[in-house]
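Asker: The structure follows.
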There are 2 protein chains.
Amino acid sequence: MKWTDLTNEGCSVARTMSVLGDRWTLLILRDTLFGIRRFDDIQKRLKITRHVLSDRLKRLETHGLLERKPYQERPTRYEYHPTQAARDFVPVMQAMTAWAQTHLPTEKSEPYRFLDRETRHPTNPKVIDANTGAEITSKSIWVEANRSSSN
Amino acid sequence: MKWTDLTNEGCSVARTMSVLGDRWTLLILRDTLFGIRRFDDIQKRLKITRHVLSDRLKRLETHGLLERKPYQERPTRYEYHPTQAARDFVPVMQAMTAWAQTHLPTEKSEPYRFLDRETRHPTNPKVIDANTGAEITSKSIWVEANRSSSN
DNA sequence: CCAGTAGGTTCTGTTTTAGAACTCACTTTT
DNA sequence: AAAAGTGAGTTCTAAAACAGAACCTACTGG
(Lines give C-alpha, C1' and ligand atoms only; values in the text may rest on other atoms or scores of the structure.)
Protein backbone atom coordinates (compact mmCIF):
# COMPACT_ATOMS: atom_id res chain seq x y z
CA MET A 1 0.00 0.00 0.00
CA LYS A 2 1.11 3.50 -0.77
CA TRP A 3 1.05 6.35 1.67
CA THR A 4 -0.94 8.45 -0.76
CA ASP A 5 -3.79 5.90 -0.74
CA LEU A 6 -4.73 6.64 2.85
CA THR A 7 -7.41 9.20 2.07
CA ASN A 8 -10.35 6.83 2.17
CA GLU A 9 -9.51 4.72 5.16
CA GLY A 10 -12.13 4.15 7.78
CA CYS A 11 -9.65 4.76 10.57
CA SER A 12 -9.64 8.37 11.69
CA VAL A 13 -5.99 8.26 12.61
CA ALA A 14 -5.19 7.12 9.08
CA ARG A 15 -7.29 9.89 7.53
CA THR A 16 -5.60 12.44 9.77
CA MET A 17 -2.27 11.17 8.52
CA SER A 18 -3.39 11.49 4.93
CA VAL A 19 -3.90 15.20 5.51
CA LEU A 20 -1.35 16.09 8.18
CA GLY A 21 1.10 13.21 8.06
CA ASP A 22 3.56 14.37 5.41
CA ARG A 23 6.93 15.70 6.47
CA TRP A 24 6.74 19.27 7.79
CA THR A 25 2.99 19.61 7.36
CA LEU A 26 2.13 19.72 11.04
CA LEU A 27 4.96 22.13 11.80
CA ILE A 28 3.79 24.44 9.04
CA LEU A 29 0.25 24.32 10.38
CA ARG A 30 1.52 25.08 13.86
CA ASP A 31 3.37 28.14 12.57
CA THR A 32 0.29 29.51 10.86
CA LEU A 33 -1.66 28.98 14.09
CA PHE A 34 1.04 30.91 15.92
CA GLY A 35 0.72 33.82 13.53
CA ILE A 36 3.49 33.05 11.05
CA ARG A 37 1.58 33.11 7.81
CA ARG A 38 3.79 34.28 4.99
CA PHE A 39 5.84 32.09 2.71
CA ASP A 40 9.24 33.54 3.47
CA ASP A 41 8.57 33.84 7.18
CA ILE A 42 7.62 30.18 7.47
CA GLN A 43 10.54 29.17 5.30
CA LYS A 44 13.02 31.13 7.41
CA ARG A 45 11.69 29.81 10.68
CA LEU A 46 11.54 26.16 9.70
CA LYS A 47 14.47 26.39 7.29
CA ILE A 48 12.85 23.88 4.98
CA THR A 49 13.28 23.77 1.26
CA ARG A 50 10.95 26.18 -0.51
CA HIS A 51 9.75 23.55 -2.90
CA VAL A 52 8.36 21.38 -0.11
CA LEU A 53 6.85 24.38 1.65
CA SER A 54 5.06 25.36 -1.53
CA ASP A 55 3.69 21.87 -1.95
CA ARG A 56 2.51 21.60 1.67
CA LEU A 57 0.77 24.96 1.62
CA LYS A 58 -1.12 23.90 -1.49
CA ARG A 59 -2.17 20.63 0.05
CA LEU A 60 -3.27 22.26 3.27
CA GLU A 61 -5.27 24.73 1.25
CA THR A 62 -6.98 22.07 -0.85
CA HIS A 63 -7.78 20.10 2.29
CA GLY A 64 -9.45 23.15 3.78
CA LEU A 65 -7.00 23.79 6.59
CA LEU A 66 -5.49 26.98 5.23
CA GLU A 67 -7.00 29.86 3.35
CA ARG A 68 -4.92 32.01 1.04
CA LYS A 69 -5.76 35.66 1.60
CA PRO A 70 -4.22 38.71 -0.07
CA TYR A 71 -2.53 41.08 2.34
CA GLN A 72 -1.29 43.65 -0.21
CA GLU A 73 -1.79 44.76 -3.79
CA ARG A 74 0.84 45.50 -6.44
CA PRO A 75 2.21 42.96 -6.38
CA THR A 76 -0.59 40.94 -4.85
CA ARG A 77 0.81 38.82 -2.06
CA TYR A 78 -0.94 36.25 0.03
CA GLU A 79 -0.89 34.98 3.57
CA TYR A 80 -2.02 31.55 4.68
CA HIS A 81 -4.67 31.75 7.37
CA PRO A 82 -5.76 28.74 9.41
CA THR A 83 -9.42 27.83 8.96
CA GLN A 84 -11.74 26.69 11.71
CA ALA A 85 -10.75 23.09 10.98
CA ALA A 86 -7.12 24.03 11.59
CA ARG A 87 -7.95 25.93 14.77
CA ASP A 88 -9.88 22.94 16.01
CA PHE A 89 -6.67 20.99 15.80
CA VAL A 90 -5.09 23.13 18.53
CA PRO A 91 -6.38 20.95 21.38
CA VAL A 92 -4.82 17.93 19.70
CA MET A 93 -1.53 19.80 19.46
CA GLN A 94 -1.77 20.72 23.10
CA ALA A 95 -2.30 17.14 24.13
CA MET A 96 0.66 16.21 21.96
CA THR A 97 2.78 18.92 23.55
CA ALA A 98 1.93 17.67 27.02
CA TRP A 99 2.87 14.15 25.98
CA ALA A 100 6.23 15.24 24.59
CA GLN A 101 7.03 17.30 27.67
CA THR A 102 6.65 14.16 29.74
CA HIS A 103 8.12 11.56 27.43
CA LEU A 104 10.60 13.49 25.29
CA PRO A 105 12.00 15.99 27.75
CA THR A 106 14.61 18.56 26.75
CA GLU A 107 16.48 21.39 28.40
CA LYS A 108 15.52 23.77 25.63
CA SER A 109 12.53 25.91 26.34
CA GLU A 110 9.29 25.68 24.44
CA PRO A 111 9.26 28.42 21.79
CA TYR A 112 5.52 28.97 22.17
CA ARG A 113 3.13 28.62 25.04
CA PHE A 114 -0.59 28.14 25.16
CA LEU A 115 -2.27 30.41 27.66
CA ASP A 116 -5.80 30.61 28.96
CA ARG A 117 -7.27 33.63 27.25
CA GLU A 118 -8.73 35.00 30.46
CA THR A 119 -6.30 34.14 33.21
CA ARG A 120 -3.22 34.31 30.97
CA HIS A 121 -1.85 31.28 32.74
CA PRO A 122 -0.25 28.42 30.84
CA THR A 123 -2.80 25.70 30.22
CA ASN A 124 -2.52 22.25 31.67
CA PRO A 125 -4.18 20.11 29.02
CA LYS A 126 -5.87 16.83 29.88
CA VAL A 127 -8.09 14.67 27.75
CA ILE A 128 -11.34 13.72 29.45
CA ASP A 129 -14.34 11.67 28.51
CA ALA A 130 -17.17 14.17 28.33
CA ASN A 131 -19.63 11.39 29.18
CA THR A 132 -18.20 10.69 32.59
CA GLY A 133 -15.99 13.73 33.19
CA ALA A 134 -13.10 11.44 34.04
CA GLU A 135 -9.67 11.82 32.60
CA ILE A 136 -8.89 9.44 29.77
CA THR A 137 -5.76 7.47 30.47
CA SER A 138 -4.47 4.21 29.13
CA LYS A 139 -6.06 2.55 32.17
CA SER A 140 -9.49 4.08 31.88
CA ILE A 141 -10.26 2.91 28.40
CA TRP A 142 -10.78 -0.23 26.47
CA VAL A 143 -10.24 -0.77 22.82
CA GLU A 144 -12.65 -2.76 20.75
CA ALA A 145 -12.52 -3.93 17.16
CA ASN A 146 -15.57 -2.66 15.37
CA ARG A 147 -16.17 -5.76 13.20
CA SER A 148 -15.42 -4.29 9.82
CA SER A 149 -12.84 -4.31 7.09
CA SER A 150 -9.39 -2.75 6.72
CA ASN A 151 -7.66 0.03 8.59
CA MET B 1 17.06 21.74 7.46
CA LYS B 2 16.63 18.02 7.32
CA TRP B 3 13.74 16.13 8.79
CA THR B 4 16.13 13.90 10.69
CA ASP B 5 17.56 16.90 12.56
CA LEU B 6 14.36 17.52 14.48
CA THR B 7 15.33 15.52 17.55
CA ASN B 8 16.72 18.40 19.55
CA GLU B 9 14.18 21.09 18.84
CA GLY B 10 12.71 23.02 21.71
CA CYS B 11 9.23 22.71 20.26
CA SER B 12 7.36 19.69 21.60
CA VAL B 13 5.40 19.24 18.42
CA ALA B 14 8.67 19.06 16.50
CA ARG B 15 10.11 16.50 18.90
CA THR B 16 6.95 14.45 18.65
CA MET B 17 7.35 14.48 14.89
CA SER B 18 10.96 13.34 15.20
CA VAL B 19 9.71 10.20 16.92
CA LEU B 20 6.26 9.62 15.45
CA GLY B 21 6.28 11.72 12.30
CA ASP B 22 7.68 9.28 9.77
CA ARG B 23 5.37 7.62 7.31
CA TRP B 24 3.38 4.75 8.85
CA THR B 25 4.86 5.13 12.33
CA LEU B 26 1.71 6.34 14.02
CA LEU B 27 -0.42 3.71 12.31
CA ILE B 28 1.96 0.99 13.43
CA LEU B 29 1.85 2.30 16.98
CA ARG B 30 -1.93 2.38 16.84
CA ASP B 31 -2.01 -1.26 15.77
CA THR B 32 0.21 -2.35 18.63
CA LEU B 33 -2.04 -0.44 21.02
CA PHE B 34 -5.01 -2.25 19.55
CA GLY B 35 -3.37 -5.60 20.17
CA ILE B 36 -1.79 -6.30 16.79
CA ARG B 37 1.78 -6.92 17.81
CA ARG B 38 3.43 -9.37 15.45
CA PHE B 39 5.38 -8.51 12.36
CA ASP B 40 3.30 -10.36 9.83
CA ASP B 41 0.03 -9.35 11.42
CA ILE B 42 0.91 -5.69 11.26
CA GLN B 43 2.22 -6.06 7.75
CA LYS B 44 -0.93 -7.77 6.54
CA ARG B 45 -3.23 -5.25 8.16
CA LEU B 46 -1.45 -2.15 6.94
CA LYS B 47 -0.17 -3.77 3.74
CA ILE B 48 3.04 -1.77 3.93
CA THR B 49 6.36 -2.93 2.62
CA ARG B 50 8.17 -5.18 5.09
CA HIS B 51 11.35 -3.18 4.84
CA VAL B 52 9.68 -0.02 6.12
CA LEU B 53 7.84 -1.91 8.83
CA SER B 54 11.10 -3.40 10.04
CA ASP B 55 12.70 0.03 10.17
CA ARG B 56 9.79 1.63 12.03
CA LEU B 57 9.61 -1.10 14.64
CA LYS B 58 13.31 -0.65 15.32
CA ARG B 59 12.98 3.09 15.69
CA LEU B 60 9.96 2.82 17.95
CA GLU B 61 11.89 0.36 20.06
CA THR B 62 14.98 2.56 20.35
CA HIS B 63 12.76 5.53 21.22
CA GLY B 64 11.21 3.56 24.04
CA LEU B 65 7.72 3.26 22.63
CA LEU B 66 7.77 -0.44 21.88
CA GLU B 67 9.31 -3.35 23.69
CA ARG B 68 10.28 -6.53 21.89
CA LYS B 69 9.18 -9.54 23.88
CA PRO B 70 9.52 -13.22 22.98
CA TYR B 71 6.25 -15.04 22.72
CA GLN B 72 7.59 -18.49 21.75
CA GLU B 73 10.80 -20.52 21.68
CA ARG B 74 12.24 -22.61 18.85
CA PRO B 75 12.30 -20.58 16.83
CA THR B 76 12.24 -17.58 19.15
CA ARG B 77 9.75 -15.07 17.89
CA TYR B 78 8.98 -11.66 19.24
CA GLU B 79 6.01 -9.39 19.66
CA TYR B 80 6.14 -5.64 19.92
CA HIS B 81 4.47 -4.39 23.06
CA PRO B 82 3.61 -0.75 23.64
CA THR B 83 5.38 0.79 26.63
CA GLN B 84 3.82 3.21 29.10
CA ALA B 85 5.01 6.10 26.91
CA ALA B 86 3.10 4.59 24.00
CA ARG B 87 0.00 3.98 26.09
CA ASP B 88 0.16 7.58 27.26
CA PHE B 89 -0.22 8.60 23.65
CA VAL B 90 -3.71 7.08 23.50
CA PRO B 91 -5.45 10.26 24.71
CA VAL B 92 -3.70 12.20 21.94
CA MET B 93 -4.92 9.67 19.42
CA GLN B 94 -8.41 9.96 20.79
CA ALA B 95 -8.37 13.72 20.43
CA MET B 96 -7.10 13.24 16.90
CA THR B 97 -9.83 10.73 16.14
CA ALA B 98 -12.49 13.12 17.39
CA TRP B 99 -11.02 15.85 15.20
CA ALA B 100 -11.04 13.66 12.10
CA GLN B 101 -14.60 12.50 12.72
CA THR B 102 -15.68 16.13 12.60
CA HIS B 103 -13.42 17.50 9.90
CA LEU B 104 -12.63 14.51 7.71
CA PRO B 105 -15.92 12.62 7.75
CA THR B 106 -16.38 9.37 5.88
CA GLU B 107 -19.11 6.81 5.41
CA LYS B 108 -16.80 4.00 6.35
CA SER B 109 -17.01 2.91 9.93
CA GLU B 110 -14.20 3.29 12.41
CA PRO B 111 -12.39 -0.07 12.64
CA TYR B 112 -11.70 0.40 16.36
CA ARG B 113 -13.50 2.14 19.13
CA PHE B 114 -12.37 3.45 22.44
CA LEU B 115 -14.66 2.48 25.27
CA ASP B 116 -14.80 3.50 28.88
CA ARG B 117 -13.47 0.51 30.77
CA GLU B 118 -16.29 0.56 33.29
CA THR B 119 -19.37 1.65 31.46
CA ARG B 120 -18.31 0.12 28.12
CA HIS B 121 -19.69 3.14 26.37
CA PRO B 122 -17.77 4.83 23.56
CA THR B 123 -15.79 7.73 24.95
CA ASN B 124 -16.42 11.31 23.96
CA PRO B 125 -12.97 12.87 24.24
CA LYS B 126 -12.51 16.54 24.99
CA VAL B 127 -9.35 18.42 25.88
CA ILE B 128 -9.71 20.54 28.98
CA ASP B 129 -7.44 22.84 30.92
CA ALA B 130 -6.95 21.10 34.25
CA ASN B 131 -6.33 24.50 35.90
CA THR B 132 -9.77 25.84 35.15
CA GLY B 133 -11.69 22.72 34.19
CA ALA B 134 -12.87 24.45 31.03
CA GLU B 135 -12.71 22.86 27.62
CA ILE B 136 -9.81 24.04 25.51
CA THR B 137 -10.98 25.37 22.18
CA SER B 138 -9.40 27.68 19.68
CA LYS B 139 -11.34 30.49 21.36
CA SER B 140 -10.35 29.77 24.91
CA ILE B 141 -6.62 29.97 24.46
CA TRP B 142 -3.98 32.44 23.52
CA VAL B 143 -0.64 31.69 22.02
CA GLU B 144 2.46 33.46 23.17
CA ALA B 145 5.99 33.42 21.80
CA ASN B 146 8.33 32.41 24.57
CA ARG B 147 11.22 34.76 23.63
CA SER B 148 13.77 32.18 22.60
CA SER B 149 15.50 30.70 19.59
CA SER B 150 14.38 28.45 16.76
CA ASN B 151 11.48 26.06 16.37
C1' DC C 1 12.63 -34.92 2.35
C1' DC C 2 9.20 -31.52 1.45
C1' DA C 3 5.94 -27.94 2.50
C1' DG C 4 4.69 -24.44 5.61
C1' DT C 5 5.25 -20.45 8.94
C1' DA C 6 7.10 -16.24 11.03
C1' DG C 7 10.16 -12.63 10.69
C1' DG C 8 13.12 -10.53 8.56
C1' DT C 9 16.78 -8.73 4.61
C1' DT C 10 18.00 -7.63 -0.17
C1' DC C 11 17.21 -5.92 -4.66
C1' DT C 12 15.48 -2.66 -8.31
C1' DG C 13 12.97 1.07 -9.85
C1' DT C 14 10.11 5.10 -8.56
C1' DT C 15 9.10 9.10 -5.47
C1' DT C 16 10.25 12.40 -2.35
C1' DT C 17 13.32 15.48 -0.24
C1' DA C 18 17.37 18.91 0.35
C1' DG C 19 19.68 22.67 -1.11
C1' DA C 20 20.95 25.94 -4.37
C1' DA C 21 19.87 28.73 -8.28
C1' DC C 22 16.67 31.07 -10.98
C1' DT C 23 12.23 33.68 -12.34
C1' DC C 24 8.64 37.04 -11.94
C1' DA C 25 6.28 41.18 -10.66
C1' DC C 26 6.69 44.77 -8.69
C1' DT C 27 8.94 48.85 -5.40
C1' DT C 28 12.71 51.54 -3.72
C1' DT C 29 17.08 53.55 -4.08
C1' DT C 30 20.66 55.90 -6.59
C1' DA D 1 16.21 55.57 -15.97
C1' DA D 2 19.04 51.91 -14.27
C1' DA D 3 20.21 49.09 -10.46
C1' DA D 4 19.15 46.86 -6.29
C1' DG D 5 15.81 44.87 -3.25
C1' DT D 6 11.61 42.12 -1.81
C1' DG D 7 8.38 38.34 -1.49
C1' DA D 8 6.69 34.29 -3.43
C1' DG D 9 7.29 31.06 -5.83
C1' DT D 10 9.54 27.39 -9.69
C1' DT D 11 13.32 24.62 -11.54
C1' DC D 12 17.34 21.83 -11.25
C1' DT D 13 20.41 18.00 -9.52
C1' DA D 14 21.83 14.76 -6.29
C1' DA D 15 20.73 12.14 -2.24
C1' DA D 16 17.52 9.70 0.59
C1' DA D 17 13.26 7.22 1.32
C1' DC D 18 9.69 4.23 -0.31
C1' DA D 19 7.05 0.32 -2.87
C1' DG D 20 6.85 -4.15 -4.24
C1' DA D 21 8.74 -8.42 -5.19
C1' DA D 22 12.07 -11.93 -4.28
C1' DC D 23 15.01 -14.12 -1.23
C1' DC D 24 16.93 -15.99 3.31
C1' DT D 25 16.80 -18.18 7.94
C1' DA D 26 15.31 -21.07 11.59
C1' DC D 27 12.50 -23.85 12.77
C1' DT D 28 7.93 -27.43 12.86
C1' DG D 29 5.07 -30.98 11.23
C1' DG D 30 3.95 -34.48 7.96
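We label chains A, B, ... in the order they appear in the C-alpha coordinates, count residues from 1 in each chain, and number ligands from 1 in the order shown.
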Could you list, as a list in words, every residue of chain A that has an atom within 8 Å of an atom of chain C, counting only C-alpha atoms (C1' of nucleotides)?
Answerer: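 So the contacting residues turn out to be Thr49, Val52, Arg74 and Pro75 of chain A.
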Asker: For the residues in the current selection, export N, CA and C atoms as a PDB file, in the first residue's frame.
Answerer:
ATOM      1  N   THR A  49      13.124  23.406   2.665  1.00  0.00           N
ATOM      2  CA  THR A  49      13.284  23.769   1.261  1.00  0.00           C
ATOM      3  C   THR A  49      11.970  24.353   0.728  1.00  0.00           C
ATOM      4  N   VAL A  52       9.226  22.173  -0.976  1.00  0.00           N
ATOM      5  CA  VAL A  52       8.358  21.383  -0.108  1.00  0.00           C
ATOM      6  C   VAL A  52       7.336  22.293   0.567  1.00  0.00           C
ATOM      7  N   ARG A  74      -0.295  44.979  -5.668  1.00  0.00           N
ATOM      8  CA  ARG A  74       0.839  45.501  -6.441  1.00  0.00           C
ATOM      9  C   ARG A  74       2.172  45.320  -5.769  1.00  0.00           C
ATOM     10  N   PRO A  75       2.802  44.176  -5.837  1.00  0.00           N
ATOM     11  CA  PRO A  75       2.208  42.956  -6.378  1.00  0.00           C
ATOM     12  C   PRO A  75       1.330  42.295  -5.331  1.00  0.00           C
TER      13      PRO A  75
END
Asker: Set the cut-off to 8 Å and count only C-alpha atoms (C1' of nucleotides): what are the residues of chain A that reach chain D? Output as a PyMOL selection string.
Answerer: chain A and resi 1-2+39-40+51+54+77
Asker: Using only N, CA and C atoms, please write the residues we just selected to a file, as an mmCIF file, in the first residue's frame.
Answerer:
data_model
loop_
_atom_site.group_PDB
_atom_site.id
_atom_site.type_symbol
_atom_site.label_atom_id
_atom_site.label_comp_id
_atom_site.auth_asym_id
_atom_site.auth_seq_id
_atom_site.Cartn_x
_atom_site.Cartn_y
_atom_site.Cartn_z
ATOM 1 N N MET A 1 0.821 -1.217 0.000
ATOM 2 C CA MET A 1 0.000 0.000 0.000
ATOM 3 C C MET A 1 0.847 1.256 0.000
ATOM 4 N N LYS A 2 0.381 2.241 -0.715
ATOM 5 C CA LYS A 2 1.108 3.504 -0.768
ATOM 6 C C LYS A 2 0.528 4.504 0.215
ATOM 7 N N PHE A 39 4.922 33.087 3.274
ATOM 8 C CA PHE A 39 5.835 32.092 2.707
ATOM 9 C C PHE A 39 7.255 32.226 3.245
ATOM 10 N N ASP A 40 7.841 33.390 3.059
ATOM 11 C CA ASP A 40 9.242 33.542 3.465
ATOM 12 C C ASP A 40 9.431 33.461 4.976
ATOM 13 N N HIS A 51 10.520 24.453 -2.084
ATOM 14 C CA HIS A 51 9.754 23.546 -2.896
ATOM 15 C C HIS A 51 8.753 22.727 -2.066
ATOM 16 N N SER A 54 6.058 25.024 -0.527
ATOM 17 C CA SER A 54 5.063 25.362 -1.529
ATOM 18 C C SER A 54 4.058 24.234 -1.702
ATOM 19 N N ARG A 77 0.156 39.871 -2.833
ATOM 20 C CA ARG A 77 0.809 38.817 -2.061
ATOM 21 C C ARG A 77 -0.200 38.228 -1.093
#
Asker: Write out as a PyMOL selection string all residues of chain B that DSSP puts in helix (DSSP H, G or I) for this structure's backbone.
Answerer: chain B and resi 3-5+12-20+25-33+39-46+50-62+84-87+90-103
Asker: Could you write out as a VMD selection string the residues of chain B within 6 Å of chain A, counting only C-alpha atoms?
Answerer: chain B and resid 1 10 to 13 47 to 48 87 91 to 92 95 to 97 100 108 to 117 123 to 130 138 140 to 146 148
Asker: Excluding same-chain residues fewer than 4 positions from Arg38 of chain A, what lies within 8 Å of it counting only C-alpha atoms (C1' of nucleotides), as a PyMOL selection string?
Answerer: chain A and resi 42+78-80
Asker: Could you give me the residues within segment 24-126 of chain B that DSSP places in strand (DSSP E), as a VMD selection string?
Answerer: chain B and resid 66 to 72 77 to 82 112 to 116 125 to 126
Asker: I need the residue nearest Thr83 of chain A from this list: A:Leu6, A:Lys58, A:Tyr71, A:Thr32. Use only C-alpha atoms for the distance.
Answerer: A:Thr32
Asker: For atom CA of Glu67 of chain A and atom CA of Gln43 of chain A, quote the distance in Å rounded to one decimal.
Answerer: 17.7 Å
Asker: Could you tell me how far atom CA of His81 of chain B sits from atom CA of Ile28 of chain B, in Å to one decimal place?
Answerer: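 One can read the atom CA of Ile28 of chain B to atom CA of His81 of chain B distance as 11.3 Å.
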